[in-house]
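What follows is the content of data.cif (mmCIF, C-alpha atoms).
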data_target
#
loop_
_atom_site.group_PDB
_atom_site.id
_atom_site.type_symbol
_atom_site.label_atom_id
_atom_site.label_comp_id
_atom_site.auth_asym_id
_atom_site.auth_seq_id
_atom_site.Cartn_x
_atom_site.Cartn_y
_atom_site.Cartn_z
ATOM 1 C CA MET A 1 64.293 48.718 3.011
ATOM 2 C CA THR A 2 62.825 48.788 -0.513
ATOM 3 C CA ASP A 3 60.596 45.832 -1.384
ATOM 4 C CA ALA A 4 62.106 43.339 -3.795
ATOM 5 C CA ILE A 5 58.923 43.555 -5.883
ATOM 6 C CA ARG A 6 56.585 46.527 -5.882
ATOM 7 C CA ALA A 7 53.849 47.219 -8.407
ATOM 8 C CA GLU A 8 51.250 49.945 -8.073
ATOM 9 C CA GLY A 9 48.148 50.412 -10.201
ATOM 10 C CA LEU A 10 49.249 48.308 -13.175
ATOM 11 C CA VAL A 11 46.884 48.622 -16.153
ATOM 12 C CA LYS A 12 47.208 46.657 -19.373
ATOM 13 C CA ARG A 13 44.749 46.544 -22.252
ATOM 14 C CA PHE A 14 44.735 44.401 -25.386
ATOM 15 C CA GLY A 15 42.316 46.123 -27.726
ATOM 16 C CA GLU A 16 38.980 46.234 -25.951
ATOM 17 C CA THR A 17 40.076 43.662 -23.369
ATOM 18 C CA THR A 18 41.427 44.945 -20.066
ATOM 19 C CA ALA A 19 43.821 42.311 -18.735
ATOM 20 C CA LEU A 20 44.903 44.351 -15.701
ATOM 21 C CA ALA A 21 42.738 47.042 -14.163
ATOM 22 C CA GLY A 22 44.956 48.556 -11.477
ATOM 23 C CA VAL A 23 46.892 45.653 -9.956
ATOM 24 C CA SER A 24 49.185 46.356 -7.020
ATOM 25 C CA LEU A 25 51.603 43.749 -5.660
ATOM 26 C CA ALA A 26 54.467 43.764 -3.160
ATOM 27 C CA ALA A 27 56.983 41.225 -1.881
ATOM 28 C CA ALA A 28 59.683 41.735 0.726
ATOM 29 C CA HIS A 29 63.211 40.447 0.153
ATOM 30 C CA GLY A 30 63.635 36.728 0.800
ATOM 31 C CA THR A 31 59.928 35.854 0.739
ATOM 32 C CA VAL A 32 57.477 34.036 -1.527
ATOM 33 C CA LEU A 33 54.526 35.981 -2.924
ATOM 34 C CA GLY A 34 51.824 33.671 -4.242
ATOM 35 C CA VAL A 35 49.567 35.058 -6.962
ATOM 36 C CA LEU A 36 46.344 33.109 -7.430
ATOM 37 C CA GLY A 37 43.473 33.547 -9.827
ATOM 38 C CA PRO A 38 41.304 31.713 -12.342
ATOM 39 C CA ASN A 39 42.335 31.355 -15.976
ATOM 40 C CA GLY A 40 42.341 34.754 -17.677
ATOM 41 C CA ALA A 41 42.540 36.662 -14.398
ATOM 42 C CA GLY A 42 45.706 38.535 -15.445
ATOM 43 C CA LYS A 43 48.405 36.631 -13.531
ATOM 44 C CA THR A 44 50.701 35.994 -16.491
ATOM 45 C CA THR A 45 50.207 39.522 -17.827
ATOM 46 C CA ALA A 46 51.380 40.910 -14.488
ATOM 47 C CA VAL A 47 54.436 38.631 -14.534
ATOM 48 C CA ARG A 48 55.310 39.681 -18.068
ATOM 49 C CA ILE A 49 55.212 43.350 -17.069
ATOM 50 C CA LEU A 50 57.394 42.702 -14.025
ATOM 51 C CA ALA A 51 59.805 40.795 -16.282
ATOM 52 C CA THR A 52 59.988 43.749 -18.749
ATOM 53 C CA LEU A 53 58.349 41.679 -21.505
ATOM 54 C CA LEU A 54 55.327 44.009 -21.647
ATOM 55 C CA ARG A 55 54.944 47.706 -20.971
ATOM 56 C CA PRO A 56 52.041 48.733 -18.735
ATOM 57 C CA ASP A 57 49.514 51.230 -20.070
ATOM 58 C CA ALA A 58 49.385 52.819 -16.624
ATOM 59 C CA GLY A 59 50.904 52.356 -13.188
ATOM 60 C CA HIS A 60 54.510 51.549 -12.396
ATOM 61 C CA ALA A 61 56.641 48.752 -10.970
ATOM 62 C CA THR A 62 60.110 48.366 -9.505
ATOM 63 C CA ILE A 63 62.355 45.381 -8.859
ATOM 64 C CA CYS A 64 64.780 45.976 -5.984
ATOM 65 C CA GLY A 65 64.095 49.679 -6.501
ATOM 66 C CA VAL A 66 64.775 49.638 -10.285
ATOM 67 C CA ASP A 67 61.927 50.798 -12.541
ATOM 68 C CA VAL A 68 60.871 48.124 -15.056
ATOM 69 C CA VAL A 69 60.066 50.688 -17.771
ATOM 70 C CA ARG A 70 62.861 53.222 -17.287
ATOM 71 C CA ASP A 71 65.695 50.729 -16.836
ATOM 72 C CA PRO A 72 64.607 47.320 -18.222
ATOM 73 C CA ALA A 73 68.159 46.155 -18.972
ATOM 74 C CA ARG A 74 69.166 46.559 -15.337
ATOM 75 C CA VAL A 75 65.977 44.809 -14.176
ATOM 76 C CA ARG A 76 66.766 41.823 -16.410
ATOM 77 C CA ARG A 77 70.089 41.407 -14.645
ATOM 78 C CA LEU A 78 68.203 41.121 -11.351
ATOM 79 C CA ILE A 79 65.565 38.559 -12.327
ATOM 80 C CA GLY A 80 65.051 35.003 -13.490
ATOM 81 C CA LEU A 81 61.885 33.762 -15.188
ATOM 82 C CA THR A 82 60.398 30.301 -15.563
ATOM 83 C CA GLY A 83 57.277 30.435 -17.700
ATOM 84 C CA GLN A 84 54.383 28.023 -18.004
ATOM 85 C CA TYR A 85 56.151 25.977 -20.662
ATOM 86 C CA ALA A 86 59.757 24.792 -20.865
ATOM 87 C CA SER A 87 61.746 27.156 -23.076
ATOM 88 C CA VAL A 88 65.077 25.353 -23.389
ATOM 89 C CA ASP A 89 66.508 24.376 -26.796
ATOM 90 C CA GLU A 90 65.538 20.756 -27.471
ATOM 91 C CA ASP A 91 68.432 20.144 -29.870
ATOM 92 C CA LEU A 92 71.062 21.037 -27.261
ATOM 93 C CA THR A 93 72.117 19.086 -24.186
ATOM 94 C CA ALA A 94 71.456 20.342 -20.679
ATOM 95 C CA VAL A 95 75.068 21.455 -20.320
ATOM 96 C CA GLU A 96 74.997 23.284 -23.650
ATOM 97 C CA ASN A 97 71.753 25.067 -22.735
ATOM 98 C CA LEU A 98 73.060 26.320 -19.409
ATOM 99 C CA VAL A 99 76.488 27.287 -20.730
ATOM 100 C CA LEU A 100 74.868 29.212 -23.591
ATOM 101 C CA ILE A 101 72.687 31.135 -21.144
ATOM 102 C CA GLY A 102 75.685 31.838 -18.949
ATOM 103 C CA GLN A 103 77.634 33.284 -21.882
ATOM 104 C CA LEU A 104 74.642 35.406 -22.887
ATOM 105 C CA LEU A 105 74.814 36.764 -19.340
ATOM 106 C CA ASN A 106 78.481 37.681 -19.954
ATOM 107 C CA LEU A 107 79.975 34.901 -17.854
ATOM 108 C CA ARG A 108 83.349 33.573 -18.995
ATOM 109 C CA ARG A 109 83.033 30.105 -20.519
ATOM 110 C CA SER A 110 84.778 28.528 -17.536
ATOM 111 C CA GLU A 111 82.392 30.336 -15.161
ATOM 112 C CA ALA A 112 79.389 29.297 -17.235
ATOM 113 C CA ARG A 113 80.471 25.639 -17.205
ATOM 114 C CA ALA A 114 81.075 25.710 -13.448
ATOM 115 C CA ARG A 115 77.639 27.248 -12.864
ATOM 116 C CA ALA A 116 76.030 24.694 -15.193
ATOM 117 C CA LYS A 117 77.660 21.824 -13.282
ATOM 118 C CA GLU A 118 76.495 23.263 -9.957
ATOM 119 C CA LEU A 119 72.887 23.646 -11.133
ATOM 120 C CA LEU A 120 72.718 20.233 -12.792
ATOM 121 C CA GLU A 121 73.851 18.623 -9.553
ATOM 122 C CA TRP A 122 71.323 20.649 -7.552
ATOM 123 C CA PHE A 123 68.440 19.604 -9.813
ATOM 124 C CA GLY A 124 69.478 15.968 -10.068
ATOM 125 C CA LEU A 125 70.272 16.105 -13.791
ATOM 126 C CA THR A 126 73.969 15.268 -13.796
ATOM 127 C CA GLU A 127 73.506 11.761 -15.203
ATOM 128 C CA VAL A 128 71.507 13.044 -18.196
ATOM 129 C CA ALA A 129 73.432 16.286 -18.684
ATOM 130 C CA GLY A 130 74.919 15.150 -22.010
ATOM 131 C CA ARG A 131 71.616 14.054 -23.578
ATOM 132 C CA PRO A 132 69.607 16.227 -26.001
ATOM 133 C CA ILE A 133 66.647 17.850 -24.268
ATOM 134 C CA ARG A 134 64.205 16.247 -26.721
ATOM 135 C CA THR A 135 64.878 12.931 -24.930
ATOM 136 C CA TYR A 136 63.882 14.351 -21.518
ATOM 137 C CA SER A 137 60.623 13.675 -19.694
ATOM 138 C CA GLY A 138 58.308 16.581 -18.893
ATOM 139 C CA GLY A 139 59.493 16.702 -15.282
ATOM 140 C CA MET A 140 63.155 16.765 -16.330
ATOM 141 C CA ARG A 141 62.474 19.626 -18.742
ATOM 142 C CA ARG A 142 60.733 21.644 -16.030
ATOM 143 C CA ARG A 143 63.676 21.167 -13.681
ATOM 144 C CA LEU A 144 66.119 22.243 -16.386
ATOM 145 C CA ASP A 145 63.959 25.246 -17.228
ATOM 146 C CA LEU A 146 64.057 26.356 -13.598
ATOM 147 C CA ALA A 147 67.810 25.762 -13.487
ATOM 148 C CA ALA A 148 68.178 27.954 -16.580
ATOM 149 C CA SER A 149 66.444 30.831 -14.810
ATOM 150 C CA LEU A 150 69.003 30.628 -11.983
ATOM 151 C CA VAL A 151 72.216 30.744 -14.025
ATOM 152 C CA GLY A 152 72.725 34.438 -13.331
ATOM 153 C CA ARG A 153 72.054 34.093 -9.570
ATOM 154 C CA PRO A 154 68.991 36.399 -9.743
ATOM 155 C CA GLU A 155 67.743 38.292 -6.722
ATOM 156 C CA VAL A 156 64.133 37.832 -7.838
ATOM 157 C CA VAL A 157 62.674 34.749 -9.543
ATOM 158 C CA TYR A 158 59.281 34.544 -11.266
ATOM 159 C CA LEU A 159 57.745 31.078 -11.369
ATOM 160 C CA ASP A 160 54.662 31.128 -13.596
ATOM 161 C CA GLU A 161 52.792 27.892 -12.823
ATOM 162 C CA PRO A 162 56.082 25.967 -12.641
ATOM 163 C CA THR A 163 54.688 22.582 -11.552
ATOM 164 C CA THR A 164 51.801 22.214 -14.003
ATOM 165 C CA GLY A 165 51.782 18.667 -15.340
ATOM 166 C CA LEU A 166 54.270 17.271 -12.823
ATOM 167 C CA ASP A 167 53.439 14.265 -10.689
ATOM 168 C CA PRO A 168 53.177 14.847 -6.904
ATOM 169 C CA ALA A 169 56.704 13.590 -6.185
ATOM 170 C CA LYS A 170 58.315 15.902 -8.766
ATOM 171 C CA ARG A 171 56.155 18.765 -7.512
ATOM 172 C CA GLU A 172 57.494 18.190 -4.001
ATOM 173 C CA ASP A 173 61.041 18.238 -5.393
ATOM 174 C CA LEU A 174 60.479 21.681 -6.915
ATOM 175 C CA TRP A 175 58.923 22.901 -3.684
ATOM 176 C CA GLY A 176 62.188 21.968 -1.995
ATOM 177 C CA VAL A 177 64.108 24.007 -4.566
ATOM 178 C CA VAL A 178 61.903 27.032 -3.931
ATOM 179 C CA ARG A 179 62.418 26.755 -0.179
ATOM 180 C CA ALA A 180 66.183 26.500 -0.704
ATOM 181 C CA LEU A 181 66.182 29.609 -2.905
ATOM 182 C CA VAL A 182 64.309 31.615 -0.301
ATOM 183 C CA ALA A 183 66.626 30.375 2.457
ATOM 184 C CA GLU A 184 69.495 31.910 0.468
ATOM 185 C CA GLY A 185 67.678 35.273 0.285
ATOM 186 C CA THR A 186 66.039 35.025 -3.134
ATOM 187 C CA THR A 187 62.592 36.553 -3.572
ATOM 188 C CA VAL A 188 60.061 34.411 -5.441
ATOM 189 C CA LEU A 189 56.842 35.407 -7.157
ATOM 190 C CA LEU A 190 54.826 32.231 -7.704
ATOM 191 C CA THR A 191 51.690 31.987 -9.802
ATOM 192 C CA THR A 192 49.862 28.708 -9.437
ATOM 193 C CA GLN A 193 46.502 27.026 -9.725
ATOM 194 C CA TYR A 194 47.451 24.381 -7.168
ATOM 195 C CA LEU A 195 46.098 25.971 -4.011
ATOM 196 C CA GLU A 196 47.959 23.533 -1.762
ATOM 197 C CA GLU A 197 51.157 24.744 -3.457
ATOM 198 C CA ALA A 198 50.470 28.341 -2.464
ATOM 199 C CA ASP A 199 49.532 27.205 1.027
ATOM 200 C CA ALA A 200 52.794 25.271 1.363
ATOM 201 C CA LEU A 201 55.158 27.899 -0.055
ATOM 202 C CA ALA A 202 53.767 31.438 0.075
ATOM 203 C CA ASP A 203 54.440 33.894 2.881
ATOM 204 C CA GLU A 204 51.714 36.125 1.467
ATOM 205 C CA ILE A 205 49.106 35.612 -1.251
ATOM 206 C CA SER A 206 47.378 38.011 -3.635
ATOM 207 C CA ILE A 207 44.231 36.767 -5.363
ATOM 208 C CA ILE A 208 43.528 38.313 -8.771
ATOM 209 C CA ASN A 209 40.155 38.127 -10.483
ATOM 210 C CA ARG A 210 39.171 39.947 -13.682
ATOM 211 C CA GLY A 211 42.334 42.009 -13.656
ATOM 212 C CA ARG A 212 42.046 43.227 -10.067
ATOM 213 C CA VAL A 213 43.516 42.167 -6.735
ATOM 214 C CA ILE A 214 40.478 41.184 -4.700
ATOM 215 C CA ALA A 215 42.293 39.910 -1.585
ATOM 216 C CA HIS A 216 45.759 39.913 -0.054
ATOM 217 C CA GLY A 217 47.230 38.467 3.115
ATOM 218 C CA THR A 218 48.985 35.510 4.657
ATOM 219 C CA PRO A 219 47.402 32.093 4.036
ATOM 220 C CA ALA A 220 46.033 32.117 7.586
ATOM 221 C CA GLU A 221 44.557 35.610 7.175
ATOM 222 C CA LEU A 222 42.856 34.685 3.911
ATOM 223 C CA LYS A 223 41.397 31.535 5.409
ATOM 224 C CA ARG A 224 39.616 33.662 7.994
ATOM 225 C CA VAL A 225 37.854 35.534 5.188
ATOM 226 C CA VAL A 226 35.247 32.786 4.820
ATOM 227 C CA GLY A 227 34.540 32.443 8.510
ATOM 228 C CA GLY A 228 35.961 31.023 11.687
ATOM 229 C CA GLN A 229 37.347 27.656 12.582
ATOM 230 C CA THR A 230 35.747 24.235 12.304
ATOM 231 C CA ILE A 231 35.850 21.359 14.768
ATOM 232 C CA VAL A 232 36.158 17.939 13.137
ATOM 233 C CA VAL A 233 35.362 14.836 15.212
ATOM 234 C CA ARG A 234 35.151 11.155 14.308
ATOM 235 C CA PRO A 235 34.270 8.889 17.246
ATOM 236 C CA THR A 236 35.890 5.464 17.372
ATOM 237 C CA ASP A 237 32.548 3.787 18.053
ATOM 238 C CA PRO A 238 29.962 4.615 15.352
ATOM 239 C CA ASP A 239 27.229 4.031 17.929
ATOM 240 C CA ARG A 240 28.454 7.132 19.832
ATOM 241 C CA ILE A 241 27.872 9.528 16.926
ATOM 242 C CA ALA A 242 24.602 10.769 18.393
ATOM 243 C CA ASP A 243 26.224 11.344 21.807
ATOM 244 C CA THR A 244 29.126 13.176 20.141
ATOM 245 C CA ALA A 245 26.743 15.341 18.131
ATOM 246 C CA ALA A 246 24.844 16.246 21.310
ATOM 247 C CA ILE A 247 28.060 17.439 22.980
ATOM 248 C CA LEU A 248 29.057 19.507 19.933
ATOM 249 C CA ARG A 249 25.592 21.040 19.775
ATOM 250 C CA ALA A 250 25.573 21.908 23.478
ATOM 251 C CA VAL A 251 29.064 23.443 23.497
ATOM 252 C CA THR A 252 29.005 25.381 20.198
ATOM 253 C CA GLY A 253 25.326 26.197 19.767
ATOM 254 C CA PHE A 254 25.440 24.939 16.162
ATOM 255 C CA GLU A 255 23.952 21.837 14.579
ATOM 256 C CA PRO A 256 26.783 19.466 13.571
ATOM 257 C CA GLU A 257 26.983 18.156 10.028
ATOM 258 C CA SER A 258 27.604 14.435 9.548
ATOM 259 C CA SER A 259 29.303 12.621 6.674
ATOM 260 C CA ARG A 260 28.887 9.021 5.588
ATOM 261 C CA ARG A 261 32.248 8.203 7.170
ATOM 262 C CA GLY A 262 30.946 9.130 10.583
ATOM 263 C CA VAL A 263 32.790 12.475 10.673
ATOM 264 C CA LEU A 264 31.052 15.341 12.449
ATOM 265 C CA THR A 265 31.894 18.984 11.704
ATOM 266 C CA VAL A 266 30.685 22.103 13.472
ATOM 267 C CA PRO A 267 31.725 25.800 13.484
ATOM 268 C CA ALA A 268 33.823 27.016 16.423
ATOM 269 C CA ASP A 269 33.843 30.643 17.526
ATOM 270 C CA SER A 270 37.091 30.352 19.486
ATOM 271 C CA ASP A 271 39.909 28.033 20.520
ATOM 272 C CA ARG A 272 38.341 27.742 23.968
ATOM 273 C CA VAL A 273 35.311 26.025 22.459
ATOM 274 C CA PHE A 274 37.579 23.271 21.151
ATOM 275 C CA THR A 275 39.124 22.808 24.600
ATOM 276 C CA THR A 276 35.655 22.455 26.114
ATOM 277 C CA VAL A 277 34.661 19.874 23.499
ATOM 278 C CA VAL A 278 37.773 17.807 24.258
ATOM 279 C CA ARG A 279 36.999 17.859 27.976
ATOM 280 C CA ARG A 280 33.327 16.968 27.487
ATOM 281 C CA LEU A 281 34.180 14.055 25.189
ATOM 282 C CA ASP A 282 36.629 12.747 27.779
ATOM 283 C CA GLU A 283 34.068 13.071 30.567
ATOM 284 C CA ALA A 284 31.544 11.136 28.462
ATOM 285 C CA GLY A 285 34.059 8.368 27.777
ATOM 286 C CA ILE A 286 33.919 8.927 24.020
ATOM 287 C CA SER A 287 37.166 7.946 22.296
ATOM 288 C CA VAL A 288 37.952 9.409 18.879
ATOM 289 C CA ILE A 289 40.095 8.469 15.903
ATOM 290 C CA GLU A 290 39.949 11.981 14.454
ATOM 291 C CA LEU A 291 39.752 15.271 16.323
ATOM 292 C CA SER A 292 40.965 18.600 14.987
ATOM 293 C CA LEU A 293 40.374 22.326 14.857
ATOM 294 C CA ARG A 294 40.971 23.653 11.368
ATOM 295 C CA LEU A 295 40.740 26.851 9.381
ATOM 296 C CA PRO A 296 38.986 26.853 6.001
ATOM 297 C CA SER A 297 41.087 25.614 3.092
ATOM 298 C CA LEU A 298 42.419 27.927 0.406
ATOM 299 C CA ASP A 299 40.033 26.168 -1.965
ATOM 300 C CA GLU A 300 37.123 27.433 0.140
ATOM 301 C CA VAL A 301 38.650 30.913 0.226
ATOM 302 C CA PHE A 302 39.126 30.883 -3.546
ATOM 303 C CA PHE A 303 35.523 29.838 -4.116
ATOM 304 C CA ALA A 304 34.174 32.433 -1.694
ATOM 305 C CA LEU A 305 36.129 35.275 -3.323
ATOM 306 C CA THR A 306 35.888 34.386 -7.029
ATOM 307 C CA GLY A 307 32.581 32.547 -7.155
ATOM 308 C CA HIS A 308 34.070 29.292 -8.476
ATOM 309 C CA GLY A 309 36.718 26.746 -7.641
ATOM 310 C CA ALA A 310 40.260 26.820 -8.883
ATOM 311 C CA THR A 311 40.903 25.092 -12.187
ATOM 312 C CA ASN A 312 43.180 22.113 -11.714
ATOM 313 C CA PRO A 313 45.713 22.102 -14.556
ATOM 314 C CA ASP A 314 45.953 18.305 -14.373
ATOM 315 C CA ASP A 315 42.200 18.039 -14.942
ATOM 316 C CA GLN A 316 42.571 20.337 -17.956
ATOM 317 C CA GLU A 317 45.246 18.051 -19.410
ATOM 318 C CA ARG A 318 43.104 14.944 -18.924
ATOM 319 C CA ALA A 319 40.102 16.658 -20.520
ATOM 320 C CA ALA A 320 42.209 17.629 -23.539
#

Take the structure from the file and write it as structure tokens.
Amino acid sequence: MTDAIRAEGLVKRFGETTALAGVSLAAAHGTVLGVLGPNGAGKTTAVRILATLLRPDAGHATICGVDVVRDPARVRRLIGLTGQYASVDEDLTAVENLVLIGQLLNLRRSEARARAKELLEWFGLTEVAGRPIRTYSGGMRRRLDLAASLVGRPEVVYLDEPTTGLDPAKREDLWGVVRALVAEGTTVLLTTQYLEEADALADEISIINRGRVIAHGTPAELKRVVGGQTIVVRPTDPDRIADTAAILRAVTGFEPESSRRGVLTVPADSDRVFTTVVRRLDEAGISVIELSLRLPSLDEVFFALTGHGATNPDDQERAA
């Protein structure tokens, strides 16, 4: 079966600046492809090409088998796009915005109103549906913007940093919407700078840096890029930290690192090492309040691959 999204060797230049230098992406039907990268990496440029808003200088891309350059009108009937900033008309109500979009998509007015009602209920906006958008909070606008991209029941949805500026609760709400879309068979391309968002939603992740894809895989596969697993232990009795460290050292062959909170961490070459540590702690009568075997975080992966941490959009807003 043809991938829902397939891009091969995309190149895009703006004067002397090369925004994309041969980017290739792919997403199967009914999955979430996360696209990560620092500011200026080329994420939004790639989305704009896939949404037929820019023409590539080289390479090609298809959406559900339809070429984005040769048949852009047909591609637009297949996709929905939510950009980084809400794009709804502030002087119209939520109902008027959605009905207008539906009519632009050639729905009959009755069909457009029915679809608007359905989406407003889904996004929890029914009670404010008759208010002008200028009276909405930022989170309400983002939800309406996402609803607007779904009026035409697209097969593929692009979400370009859709939760920037939302509080954690509203972010979780949108995550639920994304999961519901995918459960219905929609394919989602998600760009984000919240690495926990990609970890929570994406089936596969492509990391872009300086206009190139520098890594691709499932979240678990990418986490293995920066090394193996880590054992985390926090003994209940702080006086047993030294005994715990001795067991970790003997079993793993590595020197444990200790934090101020009394948490010990040490690399683990295999799952069997963790099992041995558990048994040895039990034999020594050492009780614990924290004991886990974890992979590296996506933050650690991002740093290892790009040379710096991800930029938190919320931190950017506070700094501004």

Next on the checklist: Evaluated on this file, the PyMOL selection byres ((chain A and resi 295-307) around 10) picks out some residues - which ones are they, written as a PyMOL selection string?
Outcome noted: chain A and resi 36-38+194-196+198-199+207-210+214-215+219-231+267-268+292-294+308-310

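Of the residues under consideration (A:Leu181, A:Leu33, A:Leu166, A:Leu264), A:Leu264 shows the shortest atom-to-atom contact distance to Val233 (chain A) when counting all atoms listed in the file.
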
Which neighbours of region 247-263 of chain A fall inside 12 Å, counting all atoms listed in the file, when residues of the same chain fewer than 6 positions from it are skipped, and could you give them as a PDB file with C-alpha atoms, in the coordinates of the input?
ATOM      1  CA  GLN A 229      37.347  27.656  12.582  1.00  0.00           C
ATOM      2  CA  THR A 230      35.747  24.235  12.304  1.00  0.00           C
ATOM      3  CA  ILE A 231      35.850  21.359  14.768  1.00  0.00           C
ATOM      4  CA  VAL A 232      36.158  17.939  13.137  1.00  0.00           C
ATOM      5  CA  VAL A 233      35.362  14.836  15.212  1.00  0.00           C
ATOM      6  CA  ARG A 234      35.151  11.155  14.308  1.00  0.00           C
ATOM      7  CA  PRO A 235      34.270   8.889  17.246  1.00  0.00           C
ATOM      8  CA  THR A 236      35.890   5.464  17.372  1.00  0.00           C
ATOM      9  CA  ASP A 237      32.548   3.787  18.053  1.00  0.00           C
ATOM     10  CA  PRO A 238      29.962   4.615  15.352  1.00  0.00           C
ATOM     11  CA  ASP A 239      27.229   4.031  17.929  1.00  0.00           C
ATOM     12  CA  ARG A 240      28.454   7.132  19.832  1.00  0.00           C
ATOM     13  CA  ILE A 241      27.872   9.528  16.926  1.00  0.00           C
ATOM     14  CA  ASP A 269      33.843  30.643  17.526  1.00  0.00           C
ATOM     15  CA  SER A 270      37.091  30.352  19.486  1.00  0.00           C
ATOM     16  CA  ASP A 271      39.909  28.033  20.520  1.00  0.00           C
ATOM     17  CA  ARG A 272      38.341  27.742  23.968  1.00  0.00           C
ATOM     18  CA  VAL A 273      35.311  26.025  22.459  1.00  0.00           C
ATOM     19  CA  PHE A 274      37.579  23.271  21.151  1.00  0.00           C
ATOM     20  CA  THR A 275      39.124  22.808  24.600  1.00  0.00           C
ATOM     21  CA  THR A 276      35.655  22.455  26.114  1.00  0.00           C
ATOM     22  CA  VAL A 277      34.661  19.874  23.499  1.00  0.00           C
ATOM     23  CA  VAL A 278      37.773  17.807  24.258  1.00  0.00           C
ATOM     24  CA  ARG A 279      36.999  17.859  27.976  1.00  0.00           C
ATOM     25  CA  ARG A 280      33.327  16.968  27.487  1.00  0.00           C
ATOM     26  CA  LEU A 281      34.180  14.055  25.189  1.00  0.00           C
ATOM     27  CA  ASP A 282      36.629  12.747  27.779  1.00  0.00           C
ATOM     28  CA  GLU A 283      34.068  13.071  30.567  1.00  0.00           C
ATOM     29  CA  ALA A 284      31.544  11.136  28.462  1.00  0.00           C
ATOM     30  CA  GLY A 285      34.059   8.368  27.777  1.00  0.00           C
ATOM     31  CA  ILE A 286      33.919   8.927  24.020  1.00  0.00           C
ATOM     32  CA  VAL A 288      37.952   9.409  18.879  1.00  0.00           C
ATOM     33  CA  ILE A 289      40.095   8.469  15.903  1.00  0.00           C
ATOM     34  CA  GLU A 290      39.949  11.981  14.454  1.00  0.00           C
ATOM     35  CA  LEU A 291      39.752  15.271  16.323  1.00  0.00           C
ATOM     36  CA  SER A 292      40.965  18.600  14.987  1.00  0.00           C
TER      37      SER A 292
END

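Compared by their closest atoms to Gly139 (chain A), and using all atoms listed in the file, the residues A:Leu174, A:Leu50, A:Ile5, A:Leu98 rank with A:Leu174 nearest.
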
Item to check | Gap from CA of Arg74 (chain A) to CA of Ser149 (chain A) - Å, one decimal | outcome: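 Separation between CA of Arg74 (chain A) and CA of Ser149 (chain A): 16.0 Å.
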
Checklist entry - What gap, in Å, lies between CA of Gly185 (chain A) and CA of His29 (chain A)? => result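 That distance, rounded to one decimal, is 6.8 Å.
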
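Across the model, the gap from CA of Gly30 (chain A) to CA of Ile49 (chain A) is 20.8 Å.
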
Item to check | Given the PyMOL selection byres ((chain A and resi 32) around 8), the residues it picks as a list of chain:residue names | outcome: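 Going through the file, the PyMOL selection byres ((chain A and resi 32) around 8) ends up selecting A:Ala27, A:Gly30, A:Thr31, A:Leu33, A:Gly34, A:Val182, A:Thr187, A:Val188, A:Leu189, A:Leu190, A:Leu201, A:Ala202, A:Asp203, A:Glu204.
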
Checklist entry - From the list A:Leu107, A:Leu119, A:Glu96, A:Val35, which residue is nearest Gln193 (chain A) when using only C-alpha atoms? => result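 That would be A:Val35, the residue with the smallest distance to Gln193 (chain A).
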
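Counting all atoms listed in the file and comparing A:Thr82, A:Ser206, A:Thr191, A:Thr218, the residue that lies closest to Leu150 (chain A) is A:Thr82.
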
Next on the checklist: I want to know what sits within 10 Å of Pro72 (chain A), based on all atoms listed in the file, with residues of the same chain fewer than 4 positions away left out; could you give that as number ranges by chain?
Outcome noted: A: 50-53, 62-63, 66-68, 76-78

Checklist entry - Which residue, A:Leu20, A:Cys64, A:Leu25, A:Ala200, has the smallest gap to Thr44 (chain A) when you use all atoms listed in the file? => result A:Leu20

Item to check | Near-Gly124 (chain A) list (10 Å; only C-alpha atoms; drop same-chain fewer than 3 positions) as JSON, numbers by chain | outcome: {"A": [119, 120, 121, 127, 128, 129, 140, 143, 144, 173]}

Take the residues from that selection and put them in a file with C-alpha atoms, as a short mmCIF file (atom, residue, chain, number, x, y, z; two decimals), in the coordinates of the input.
data_model
loop_
_atom_site.label_atom_id
_atom_site.label_comp_id
_atom_site.auth_asym_id
_atom_site.auth_seq_id
_atom_site.Cartn_x
_atom_site.Cartn_y
_atom_site.Cartn_z
CA LEU A 119 72.89 23.65 -11.13
CA LEU A 120 72.72 20.23 -12.79
CA GLU A 121 73.85 18.62 -9.55
CA GLU A 127 73.51 11.76 -15.20
CA VAL A 128 71.51 13.04 -18.20
CA ALA A 129 73.43 16.29 -18.68
CA MET A 140 63.16 16.76 -16.33
CA ARG A 143 63.68 21.17 -13.68
CA LEU A 144 66.12 22.24 -16.39
CA ASP A 173 61.04 18.24 -5.39
#

Checklist entry - Given the file above and the PyMOL selection byres ((chain A and resi 148) around 12), which residues are selected, and can you give them as a ChimeraX atom specification? => result /A:79-83,86-89,94-102,104-105,112,115-120,123,141-147,149-154,157
